[in-house]
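K.L.:
Sending over a structure as structure tokens; questions will come in a sec.
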Amino acid sequence: QVQLVESGGGLVQAGGSLRLSCVASGRTFGSYAMGWFRQAPGKGREFVAAISVNGGTTHYADSMKGRSTISRDNAKNTVYLQMNSLKPEDTAVYYCAARYVRETSYSAVYHGDMFYAYWGQGTQVTVSS
């Protein structure tokens, strides 16, 4: 089992940047594929970005391509989401999620929330216009 704690959210002006972090507890972070999702008020949860266990594969939502970078540091049990050129429509609670995978799937990424069993509590990102 793994517990996830996000940080790095806040209030930023449009065009600004934020770097979200998600720290995982436990000693097997290197066996978890990770994802970032977000949920805006009155809307459903949507996929933002995902990264494979080995960090070699990433996948982004169309809305975030070219504006965000997901990365991970397995030695620090941490996954990051660097977001640039932020827009008011990026305002949401951002969640990280983890999925345990077997070694044969260490290059796989998962963009559906149904694939993830573990979730953090979320961090608020607010982009002002």
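Letters A, B, ... go to the chains of the structure tokens in the order shown; residues in each chain start at 1; ligands are counted from 1 in the same order.
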Can you list, as a PDB file with N, CA and C atoms, in the first residue's frame, every protein, DNA or RNA residue that comes within 10 Å of Thr28 (chain A) when you count only C-alpha atoms, leaving out same-chain residues fewer than 2 positions away?

P.N.:
ATOM      1  N   GLN A   1       0.841  -1.179   0.000  1.00  0.00           N
ATOM      2  CA  GLN A   1       0.000   0.000   0.000  1.00  0.00           C
ATOM      3  C   GLN A   1       0.886   1.242   0.000  1.00  0.00           C
ATOM      4  N   VAL A   2       0.363   2.323  -0.538  1.00  0.00           N
ATOM      5  CA  VAL A   2       1.116   3.554  -0.616  1.00  0.00           C
ATOM      6  C   VAL A   2       0.204   4.719  -0.259  1.00  0.00           C
ATOM      7  N   ALA A  24       5.312   9.889  -2.016  1.00  0.00           N
ATOM      8  CA  ALA A  24       4.685   8.612  -1.685  1.00  0.00           C
ATOM      9  C   ALA A  24       5.383   7.970  -0.506  1.00  0.00           C
ATOM     10  N   SER A  25       4.614   7.398   0.381  1.00  0.00           N
ATOM     11  CA  SER A  25       5.187   6.659   1.490  1.00  0.00           C
ATOM     12  C   SER A  25       5.464   5.230   1.037  1.00  0.00           C
ATOM     13  N   GLY A  26       6.213   4.509   1.822  1.00  0.00           N
ATOM     14  CA  GLY A  26       6.479   3.125   1.498  1.00  0.00           C
ATOM     15  C   GLY A  26       7.796   2.957   0.761  1.00  0.00           C
ATOM     16  N   GLY A  30       9.128   2.480  -6.562  1.00  0.00           N
ATOM     17  CA  GLY A  30       9.655   2.086  -7.854  1.00  0.00           C
ATOM     18  C   GLY A  30       8.847   1.007  -8.555  1.00  0.00           C
ATOM     19  N   SER A  31       7.724   0.608  -7.972  1.00  0.00           N
ATOM     20  CA  SER A  31       6.830  -0.355  -8.617  1.00  0.00           C
ATOM     21  C   SER A  31       5.480   0.261  -8.959  1.00  0.00           C
ATOM     22  N   TYR A  32       5.390   1.595  -8.883  1.00  0.00           N
ATOM     23  CA  TYR A  32       4.116   2.265  -9.118  1.00  0.00           C
ATOM     24  C   TYR A  32       4.199   3.204 -10.315  1.00  0.00           C
ATOM     25  N   ASN A  74      12.626   8.398  -8.285  1.00  0.00           N
ATOM     26  CA  ASN A  74      12.323   7.205  -7.491  1.00  0.00           C
ATOM     27  C   ASN A  74      13.140   7.155  -6.198  1.00  0.00           C
ATOM     28  N   ASN A  77      11.047   9.094  -3.864  1.00  0.00           N
ATOM     29  CA  ASN A  77       9.627   8.696  -3.794  1.00  0.00           C
ATOM     30  C   ASN A  77       8.706   9.841  -4.204  1.00  0.00           C
ATOM     31  N   TYR A 100       0.049   0.092  -8.795  1.00  0.00           N
ATOM     32  CA  TYR A 100       1.095  -0.927  -8.709  1.00  0.00           C
ATOM     33  C   TYR A 100       1.133  -1.696 -10.018  1.00  0.00           C
TER      34      TYR A 100
END

K.L.:
Using only C-alpha atoms, which residues sit within 10 Å of Val53 (chain A) once same-chain residues fewer than 4 positions away are excluded, as a list of chain:residue names?

P.N.:
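The residues that qualify are A:Phe29, A:Gly30, A:Ser31, A:Tyr32, A:Ala33, A:Met34, A:Thr57, A:Thr58, A:Arg72, A:Asn74, A:Ala98, A:Arg99, A:Tyr100, A:Val101, A:Arg102, A:Glu103, A:Ser105, A:Tyr106, A:Ser107, A:Ala108, A:Val109.
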
K.L.:
Smallest atom-to-atom distance to Val127 (chain A): which of A:Gln3, A:Ser85, A:Thr104, A:Gln13, using only C-alpha atoms?

P.N.:
A:Gln13

K.L.:
Rounded to one decimal, what separation in Å do you get between CA of Gln39 (chain A) and CA of Ala75 (chain A)?

P.N.:
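Pair CA of Gln39 (chain A) / CA of Ala75 (chain A) returns 28.9 Å.
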
K.L.:
Going by DSSP on the backbone, which bits of chain A are helix (DSSP H, G or I)? Write them as a PyMOL selection string, please.

P.N.:
chain A and resi 29-31+62-64+74-76+88-90+103-105+113-115

K.L.:
Could the residues in this selection be written to a file with N, CA, C and O atoms, as a short mmCIF file (atom, residue, chain, number, x, y, z; two decimals), in the first residue's frame?

P.N.:
data_model
loop_
_atom_site.label_atom_id
_atom_site.label_comp_id
_atom_site.auth_asym_id
_atom_site.auth_seq_id
_atom_site.Cartn_x
_atom_site.Cartn_y
_atom_site.Cartn_z
N PHE A 29 7.99 2.52 -4.10
CA PHE A 29 7.57 3.55 -5.07
C PHE A 29 8.01 3.16 -6.46
O PHE A 29 7.32 3.46 -7.44
N GLY A 30 9.13 2.48 -6.56
CA GLY A 30 9.66 2.09 -7.85
C GLY A 30 8.85 1.01 -8.56
O GLY A 30 9.24 0.57 -9.63
N SER A 31 7.72 0.61 -7.97
CA SER A 31 6.83 -0.35 -8.62
C SER A 31 5.48 0.26 -8.96
O SER A 31 4.53 -0.46 -9.29
N ASP A 62 -4.44 16.41 -24.00
CA ASP A 62 -4.24 17.39 -25.07
C ASP A 62 -4.18 18.81 -24.52
O ASP A 62 -3.41 19.64 -25.00
N SER A 63 -4.97 19.07 -23.50
CA SER A 63 -5.03 20.43 -22.94
C SER A 63 -3.73 20.84 -22.26
O SER A 63 -3.50 22.03 -22.04
N MET A 64 -2.90 19.85 -21.91
CA MET A 64 -1.67 20.15 -21.18
C MET A 64 -0.41 19.93 -22.01
O MET A 64 0.69 20.26 -21.56
N ASN A 74 12.63 8.40 -8.28
CA ASN A 74 12.32 7.20 -7.49
C ASN A 74 13.14 7.16 -6.20
O ASN A 74 12.70 6.56 -5.21
N ALA A 75 14.29 7.78 -6.20
CA ALA A 75 15.11 7.80 -4.97
C ALA A 75 14.46 8.66 -3.89
O ALA A 75 14.70 8.45 -2.71
N LYS A 76 13.64 9.62 -4.32
CA LYS A 76 12.96 10.51 -3.38
C LYS A 76 11.48 10.17 -3.23
O LYS A 76 10.74 10.91 -2.57
N PRO A 88 -6.69 30.39 -16.74
CA PRO A 88 -7.76 30.31 -15.74
C PRO A 88 -8.50 28.98 -15.76
O PRO A 88 -8.92 28.48 -14.71
N GLU A 89 -8.62 28.39 -16.94
CA GLU A 89 -9.31 27.10 -17.03
C GLU A 89 -8.51 25.95 -16.45
O GLU A 89 -9.02 24.82 -16.36
N ASP A 90 -7.28 26.20 -16.04
CA ASP A 90 -6.50 25.17 -15.33
C ASP A 90 -6.83 25.13 -13.84
O ASP A 90 -6.33 24.27 -13.12
N GLU A 103 6.80 -5.91 -13.08
CA GLU A 103 8.01 -5.49 -13.79
C GLU A 103 7.83 -5.49 -15.30
O GLU A 103 8.41 -4.67 -16.01
N THR A 104 7.01 -6.40 -15.79
CA THR A 104 6.78 -6.48 -17.24
C THR A 104 6.05 -5.26 -17.78
O THR A 104 6.00 -5.04 -18.99
N SER A 105 5.48 -4.45 -16.89
CA SER A 105 4.73 -3.25 -17.29
C SER A 105 5.41 -1.97 -16.85
O SER A 105 4.76 -0.92 -16.76
N ASP A 113 -8.71 7.09 -14.81
CA ASP A 113 -8.65 7.06 -13.34
C ASP A 113 -9.02 5.70 -12.79
O ASP A 113 -8.63 5.37 -11.66
N MET A 114 -9.70 4.88 -13.57
CA MET A 114 -10.08 3.56 -13.09
C MET A 114 -8.89 2.65 -12.89
O MET A 114 -8.97 1.61 -12.25
N PHE A 115 -7.75 3.01 -13.45
CA PHE A 115 -6.56 2.16 -13.34
C PHE A 115 -5.81 2.37 -12.03
O PHE A 115 -4.92 1.62 -11.69
#

K.L.:
Give me, as number ranges by chain, the residues of chain A that a backbone DSSP run labels strand (DSSP E).

P.N.:
A: 4-7, 10-13, 18-24, 32-39, 45-51, 58-60, 68-73, 78-83, 92-100, 118-119, 123-128
